[in-house]
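Worksheet: the structure to be examined is printed underneath.
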Amino acid sequence: MRPTAMLAAVVALALTGTATAAGLKIVTTTSDLAAIAKAVAGDRAEVHSICTGKEDPHMLQAKPSCILLARNADLWIRIGLELEIGWEPPILDGSRNPRIREGARGHLDAAESALILDVPTSRVTRALGDVHPQGNPHYWLDPLNGRRIAGAMGERLAEIAPADAALFRANATAFQQAVDERMFGAELLKALPADRLWAMTEDGSITAFLADPANQGRAAGWLATMQPLRGQQILTYHRSWVYFAHRFGLVIAAEIEPKPGVPPSGAHLRQIAESARQQGVRVILQEPFYSRKAADRLAVETGARVVAVANSVGGQPEASDYLALMDLIVKRTAEK
């Protein structure tokens, strides 16, 4: 290409805001979003995450290194629902990158493609603890949301780098199919389309379907592993596990935190222990970055098993990508 033609191409690129796929730089707020972005973008992008998966994302501090990452980003992907409210604005402001400002094509709020739970129906105040007024932000722990996020990423990448739109969409579809097979198993997917099976897990009709003699033994994957636990009551530390429990039919009897972000008192733990014994709770789910002291005390008093398992990619060595994360959570929750 002649110098004048190359200069014209660069100017046109700057004016349209369209990136070249080979040089795409993606920054995500969490490691879970980064794992999905890597699957969708493939080798056409460099992907970085602000969170590593080993820390509480509510409590992260904005660092100069985060601002430098954002400064050169073509696409910023966030969880949203105010999960990053304490540290996202300083990073975006400090980056001085108009491509990734909220409302720009290079800013993707993954919550817009997800099914959201725990949306408050009354006015939210600080007296309620760390409650998110737009809904619970831990939605990536529902694998249905994982596949929906992948679809949204594929479409946004196709807009930003249209020359590779077909590749991004194909990668997103491949990721979704991998989630489907991990959830239901290949045999069940031959019987019904994935969308129908996901809908049946949503309305609860999957239980009756699998109980039919004609369908017994056809389920595999996460669904088959978790099906024996459907309807069982569990305890959790923080309200991180709402989406996981919802998808697999678990019932959260109580949270160890009396309010989101508030450590438990002795009186609160005694109350939980008494209730948990009455309800036959056998599992206590919590993240590794919280202290196990309260959970271990409840385990002694109730006979329940503490499952301290990563709720984000990278939170434990086994959680190396999104599918491995869900594999790990299902395995640890279901084991005897």
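So you can find residues: chains in the structure tokens are A, B, ... in the order shown, residues in each start at 1, and ligands are numbered from 1 in order.
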DSSP on the backbone, then: every residue of stretch 225-314 of chain A marked helix (DSSP H, G or I), written as a ChimeraX atom specification.
/A:225-229,242-248,266-279,293-302
Please report as CSV every residue of stretch 240-331 of chain A lying within 10 Å of stretch 197-221 of chain A, along with the nearest atom pair and their distance in Å (one decimal), using only C-alpha atoms.
```
residue,atom,partner,partner_atom,distance
A:His246,CA,A:Glu202,CA,8.1
A:Arg247,CA,A:Thr201,CA,6.5
A:Phe248,CA,A:Thr201,CA,7.4
A:Gly249,CA,A:Gly204,CA,7.7
A:Asp327,CA,A:Gly221,CA,8.9
A:Val330,CA,A:Gly221,CA,9.4
```
Would you kindly return, as a PDB file with C-alpha atoms, in the first residue's frame, each protein, DNA or RNA residue with an atom no farther than 12 Å from any atom of A:Val300, considering only C-alpha atoms and excluding same-chain residues fewer than 2 positions away?
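Listing of result-v4.pdb after writing:
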```pdb
ATOM      1  CA  LEU A 269     -24.769 -18.022  63.980  1.00  0.00           C
ATOM      2  CA  ARG A 270     -26.689 -19.689  66.801  1.00  0.00           C
ATOM      3  CA  ALA A 273     -27.406 -23.407  63.405  1.00  0.00           C
ATOM      4  CA  ALA A 276     -30.133 -25.588  59.748  1.00  0.00           C
ATOM      5  CA  ARG A 277     -30.417 -28.582  62.069  1.00  0.00           C
ATOM      6  CA  ARG A 282     -25.832 -30.718  54.639  1.00  0.00           C
ATOM      7  CA  ILE A 284     -22.329 -24.805  53.354  1.00  0.00           C
ATOM      8  CA  LYS A 293     -14.237 -19.545  60.940  1.00  0.00           C
ATOM      9  CA  ALA A 294     -18.022 -19.047  60.946  1.00  0.00           C
ATOM     10  CA  ALA A 295     -18.669 -21.808  58.399  1.00  0.00           C
ATOM     11  CA  ASP A 296     -16.518 -24.294  60.319  1.00  0.00           C
ATOM     12  CA  ARG A 297     -18.359 -23.462  63.531  1.00  0.00           C
ATOM     13  CA  LEU A 298     -21.687 -24.109  61.823  1.00  0.00           C
ATOM     14  CA  THR A 302     -25.000 -28.933  62.348  1.00  0.00           C
ATOM     15  CA  GLY A 303     -23.007 -31.755  60.758  1.00  0.00           C
ATOM     16  CA  ALA A 304     -23.032 -29.907  57.422  1.00  0.00           C
ATOM     17  CA  ARG A 305     -20.050 -30.026  55.072  1.00  0.00           C
ATOM     18  CA  VAL A 306     -18.175 -26.814  54.222  1.00  0.00           C
TER      19      VAL A 306
END
```
Could you tell me how far atom CA of A:Glu82 sits from atom CA of A:Glu46, in Å to one decimal place?
25.5 Å
Quick one: residues within 8 Å of stretch 24-32 of chain A, only C-alpha atoms counted, chain neighbours fewer than 4 positions away excluded, as a ChimeraX atom specification?
/A:19-20,36-37,44-53,57,69-70,72-79,84,140,312-314,321-322
Taking the chain letters and numbering used in this document, name the residues of stretch 65-259 of chain A that DSSP puts in strand (DSSP E or B), as a VMD selection string.
chain A and resid 75 to 78 107 to 109 233 to 236 251 to 255 259
What would the file look like if the residues just selected were written as an mmCIF file, in the first residue's frame with C-alpha atoms?
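What ended up in selection_26.cif:
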```cif
data_model
loop_
_atom_site.group_PDB
_atom_site.id
_atom_site.type_symbol
_atom_site.label_atom_id
_atom_site.label_comp_id
_atom_site.auth_asym_id
_atom_site.auth_seq_id
_atom_site.Cartn_x
_atom_site.Cartn_y
_atom_site.Cartn_z
ATOM 1 C CA LEU A 75 -13.308 -3.165 24.323
ATOM 2 C CA TRP A 76 -14.089 -2.921 28.032
ATOM 3 C CA ILE A 77 -16.451 -5.603 29.378
ATOM 4 C CA ARG A 78 -17.955 -5.310 32.836
ATOM 5 C CA HIS A 107 -18.078 -0.585 26.425
ATOM 6 C CA LEU A 108 -20.057 -3.798 26.942
ATOM 7 C CA ASP A 109 -22.192 -4.317 30.043
ATOM 8 C CA GLN A 233 -31.492 -26.674 51.437
ATOM 9 C CA ILE A 234 -28.000 -25.223 51.752
ATOM 10 C CA LEU A 235 -26.252 -22.403 53.580
ATOM 11 C CA THR A 236 -24.037 -19.856 51.840
ATOM 12 C CA VAL A 251 -32.779 -23.817 48.181
ATOM 13 C CA ILE A 252 -30.676 -21.296 50.112
ATOM 14 C CA ALA A 253 -31.962 -21.598 53.684
ATOM 15 C CA ALA A 254 -29.858 -18.682 54.974
ATOM 16 C CA GLU A 255 -26.692 -16.667 54.465
ATOM 17 C CA LYS A 259 -26.688 -8.635 55.684
#
```
Report, in Å with one decimal, the straight-line distance from atom CA of A:Leu285 to atom CA of A:Asn136.
17.0 Å
For A:Val281, the nearest of the candidates A:Asn311, A:Leu229, A:Leu115, A:Gln134, counting only C-alpha atoms
A:Leu229
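Distance annotation: of A:Pro317, A:Val242, A:Gln278, A:Met153, the residue with the minimal separation from A:Val119 is A:Val242; atom set is only C-alpha atoms.
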Residue nearest A:Leu188 among A:Ala224, A:Ala174, A:Ala163, A:Ala152 (counting only C-alpha atoms):
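Selected residue with least distance to A:Leu188: A:Ala224.
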Between A:Gly185, A:Gly42, A:Pro193, A:Gly135, which is the closest to A:Asn171 once you count only C-alpha atoms?
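Nearest to A:Asn171: A:Gly42.
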Which residues, written as number ranges by chain, have at least one atom at most 8 Å from A:Arg148, with only C-alpha atoms counted and residues fewer than 4 positions away on the same chain left out?
A: 113-114, 144, 152, 176
Tell me, in Å to one decimal, how far atom CA of A:Ile160 is from atom CA of A:Lys38.
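Spanning atom CA of A:Ile160 to atom CA of A:Lys38 is a straight-line distance of 15.6 Å.
Distance check against A:Arg105 using only C-alpha atoms: of A:Arg182, A:Arg147, A:Arg156, A:Lys63, the minimum falls on A:Arg156.
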Residue among A:Gly315, A:Gly231, A:Pro137, A:Pro263 lying closest to A:Gln279, counting only C-alpha atoms
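Looking only at the distances to A:Gln279, the closest residue turns out to be A:Gly231.
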List as a PDB file with N, CA and C atoms, in the first residue's frame the protein and nucleic acid residues near A:Phe175, meaning an atom at most 8 Å away when only C-alpha atoms are counted, but skip any in the same chain fewer than 3 places from it.
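Everything below was put into around-v4.pdb:
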```pdb
ATOM      1  N   ALA A  39     -12.419 -17.249  24.720  1.00  0.00           N
ATOM      2  CA  ALA A  39     -13.031 -18.298  23.905  1.00  0.00           C
ATOM      3  C   ALA A  39     -13.681 -17.713  22.653  1.00  0.00           C
ATOM      4  N   VAL A  40     -14.287 -16.545  22.790  1.00  0.00           N
ATOM      5  CA  VAL A  40     -15.005 -15.931  21.667  1.00  0.00           C
ATOM      6  C   VAL A  40     -14.053 -15.221  20.706  1.00  0.00           C
ATOM      7  N   ARG A 147     -23.541 -18.729  28.618  1.00  0.00           N
ATOM      8  CA  ARG A 147     -23.733 -18.868  27.165  1.00  0.00           C
ATOM      9  C   ARG A 147     -24.358 -17.605  26.569  1.00  0.00           C
ATOM     10  N   ALA A 150     -21.587 -15.024  26.128  1.00  0.00           N
ATOM     11  CA  ALA A 150     -20.760 -15.339  24.959  1.00  0.00           C
ATOM     12  C   ALA A 150     -21.403 -14.823  23.685  1.00  0.00           C
ATOM     13  N   ASN A 171     -17.172 -18.742  17.016  1.00  0.00           N
ATOM     14  CA  ASN A 171     -16.554 -19.070  18.298  1.00  0.00           C
ATOM     15  C   ASN A 171     -17.569 -18.997  19.434  1.00  0.00           C
ATOM     16  N   ALA A 172     -18.437 -17.977  19.378  1.00  0.00           N
ATOM     17  CA  ALA A 172     -19.472 -17.845  20.412  1.00  0.00           C
ATOM     18  C   ALA A 172     -20.411 -19.045  20.370  1.00  0.00           C
ATOM     19  N   ALA A 178     -20.550 -26.002  23.783  1.00  0.00           N
ATOM     20  CA  ALA A 178     -19.751 -26.676  24.804  1.00  0.00           C
ATOM     21  C   ALA A 178     -20.439 -26.592  26.169  1.00  0.00           C
ATOM     22  N   VAL A 179     -21.021 -25.434  26.475  1.00  0.00           N
ATOM     23  CA  VAL A 179     -21.771 -25.285  27.730  1.00  0.00           C
ATOM     24  C   VAL A 179     -22.978 -26.226  27.732  1.00  0.00           C
TER      25      VAL A 179
END
```
